[in-house]
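This report concerns only the one structure given below.
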Amino acid sequence: MSENTTQRPTVRVTSEIGPLRTVICHAPGPELLAVTPSNREQYLYDDIIDLPQAQSEHQQFRAILSRFCEVLNVRDLLAEIVDEPEVRKFLINRVMEVAPSELGGVLHEIPGPQLIKQFIEGKEAPQGPISKMLHKVSYELPPLPNLFFTRDAAMVVNDAVIIGAMRYAVRWTEELLMKALFLYHPMLRNGGFIYDGTEEHRSDWTIEGGDVIIVRPDLALVGLSERSSPAAIEGLVDGLREKAGIEHVLVVVLPTESPAIHLDMIFTMVDTTHCVVYPPYFFGPQRLPVLHYRPEQKGIRAHDDLFGALKQLGVDLEPIWCGGHHPTQQEREQWSSGCNFVAVRPGIVLGYSRNEATMREMQDRAGFRIVDAIDFLTGKEVVREGERSVIAFSGAELVRGGGGGRCMTMPVCRDDIW
Ligand SMILES: NC(=O)NCCC[C@H](N)C(=O)O
């Protein structure tokens, strides 16, 4: 196979909002059925998802996206490369390191589509007498119920790629699937890895995509969160400068105990001039500290709020308050991914319709038109470029997985806007 880094890159992301051209998603599948009330915490779930309902919500989400860009699916992309001996060997050997079992030899013999199915949906181990008696199931290959949050296990920054170093082992196989795609898939040629989480399993060296936000080609926000650690962020910044031209990193320091696992659960950009935020974390005495890190100078400077720090770097962003101005609604809607929008054009974003107070705020304070997903898909409502709109889709089941529109998309190509 030809090397994915020797030809001109096909991936490029220099902002959060530039016109989206290509995005990677994963339609939730039977892997979600592995989650039960007794193991949900281990699988990083707050609740149990109804699969058919989640699938239909996700289908609607992808249908909206596909009106604006090419939507690639993890399964299809893997299917297109898995029969290459090098890819198959990479996947099987590396997955066996993460989840060792007797299966290795068997996996080499099974057809490509079945192999991918087992990697994603997992493979139950035969029940022994104790498991039978105790009504327990174990897995030889772990299922990946968080894979539909494609944002987290890989990130494109400019022309280069970060492979996540996932905080919890239940998401480690996701890193490998993503790495295989960026290593071998001809549609995903890139400028190389800035950081490769598959080589990094120290528990205090972790970085996940929900914590990486590209504001400008030279400026990234990184959340220091439950999921992304100081050591990994420090390890990342030199690579961000050398491989991706990032000169400024603003580290937003989230509290250790937080309803937000990632930065993108409290902050997303929705236009060149606007972002949606969880107010208590940015305004008032509980606001989060921000550290300005300049890789080139190795220096660090503390700021006491994000907006001040951004202004000093020439970024003037107007915050829209998630949940509006009522604390109860702010908290409720933050929980249901009310800050978590994905932009398909500057000023055109997708978000969960249940977050009504946030939507009203976007309408009243920033002139966003609220467009119902069905009306958009049936052509009853048209979204025009240059006219601010939020396409509101239902995600009552999807949200139980712990994320929203941004979490469910990994942009691989956006037009530059600055
Ligand atoms: N960027 C995001 O916030 N992604 C959501 C990930 C949810 C998933 N259940 C997790 O806990 O990892």
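How things are named: the first chain in the structure tokens is A, the next is B, and so on; residues count from 1 in each chain; ligands count from 1 in the order shown.
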* To do: Write out as a ChimeraX atom specification which residues come within 9 Å of range 280-292 of chain A when counting only C-alpha atoms, dropping same-chain ones fewer than 2 positions away.
  => /A:248-255,266,277-278,294,299-307,309,327,330
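Among all protein and nucleic acid residues, the ones that lie within 7 Å of ligand 1 when counting only C-alpha atoms and all ligand atoms are Leu44, Tyr45, Asn146, Phe149, Arg151, Asp152, Gly209, Gly210, Ile261, His262, Asp264, Met265, Gly401, Gly402, Gly403, Arg406 and Cys407 of chain A.
If you look at CA of Ala220 in chain A and CA of Ile246 in chain A, they are 6.9 Å away from each other.
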Tell me which protein, DNA and RNA residues are within 12 Å of Thr328 in chain A, counting only C-alpha atoms, leaving out same-chain ones fewer than 6 positions away, and put them as a compact mmCIF listing (two decimals) with all heavy atoms, in the first residue's frame.
# COMPACT_ATOMS: atom_id res chain seq x y z
N TYR A 278 -21.44 27.38 28.60
CA TYR A 278 -22.13 27.13 29.86
C TYR A 278 -21.74 28.28 30.80
O TYR A 278 -20.58 28.36 31.26
CB TYR A 278 -21.67 25.78 30.42
CG TYR A 278 -22.29 25.41 31.74
CD1 TYR A 278 -23.67 25.47 31.94
CD2 TYR A 278 -21.49 24.99 32.80
CE1 TYR A 278 -24.23 25.13 33.16
CE2 TYR A 278 -22.06 24.65 34.03
CZ TYR A 278 -23.43 24.73 34.20
OH TYR A 278 -23.99 24.40 35.39
N PRO A 279 -22.68 29.19 31.12
CA PRO A 279 -22.30 30.45 31.76
C PRO A 279 -21.50 30.34 33.07
O PRO A 279 -20.50 31.05 33.22
CB PRO A 279 -23.65 31.15 31.98
CG PRO A 279 -24.56 30.54 30.99
CD PRO A 279 -24.11 29.13 30.78
N PRO A 280 -21.87 29.45 34.02
CA PRO A 280 -21.11 29.48 35.29
C PRO A 280 -19.62 29.22 35.13
O PRO A 280 -18.83 29.63 35.96
CB PRO A 280 -21.75 28.34 36.10
CG PRO A 280 -23.06 28.09 35.47
CD PRO A 280 -22.93 28.45 34.03
N CYS A 322 -25.88 29.03 27.08
CA CYS A 322 -26.62 27.76 27.06
C CYS A 322 -27.65 27.80 28.19
O CYS A 322 -27.31 28.13 29.33
CB CYS A 322 -25.63 26.62 27.28
SG CYS A 322 -26.38 25.04 27.70
N GLN A 334 -27.02 22.11 29.73
CA GLN A 334 -25.61 21.70 29.60
C GLN A 334 -25.53 20.18 29.64
O GLN A 334 -24.82 19.55 28.86
CB GLN A 334 -24.76 22.32 30.73
CG GLN A 334 -23.27 22.04 30.63
CD GLN A 334 -22.83 20.64 31.00
OE1 GLN A 334 -23.39 20.03 31.92
NE2 GLN A 334 -21.87 20.10 30.27
N TRP A 335 -26.29 19.61 30.55
CA TRP A 335 -26.30 18.14 30.73
C TRP A 335 -26.75 17.44 29.47
O TRP A 335 -26.24 16.38 29.10
CB TRP A 335 -27.21 17.81 31.92
CG TRP A 335 -27.31 16.35 32.22
CD1 TRP A 335 -28.35 15.52 31.94
CD2 TRP A 335 -26.32 15.54 32.89
NE1 TRP A 335 -28.09 14.25 32.37
CE2 TRP A 335 -26.83 14.22 32.97
CE3 TRP A 335 -25.06 15.80 33.42
CZ2 TRP A 335 -26.13 13.17 33.54
CZ3 TRP A 335 -24.36 14.75 34.01
CH2 TRP A 335 -24.90 13.45 34.05
N ALA A 357 -34.33 26.37 25.64
CA ALA A 357 -33.92 27.68 26.19
C ALA A 357 -32.66 28.18 25.46
O ALA A 357 -32.52 29.37 25.17
CB ALA A 357 -33.66 27.57 27.68
* To do: Pick out the residues sitting within 9 Å of Phe148 in chain A, and hand them over as number ranges by chain; count only C-alpha atoms, and ignore anything fewer than 3 positions along from it in its own chain.
  => A: 25-29, 144-145, 151, 407-409
* DSSP on the backbone, then: every residue of range 78-154 of chain A marked strand (DSSP E), written as a list in words. =>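 Taking range 78-154 of chain A and keeping strand (DSSP E) only, one gets Lys123, Glu124, Tyr139, Glu140, Leu141 and Ala154 of chain A.
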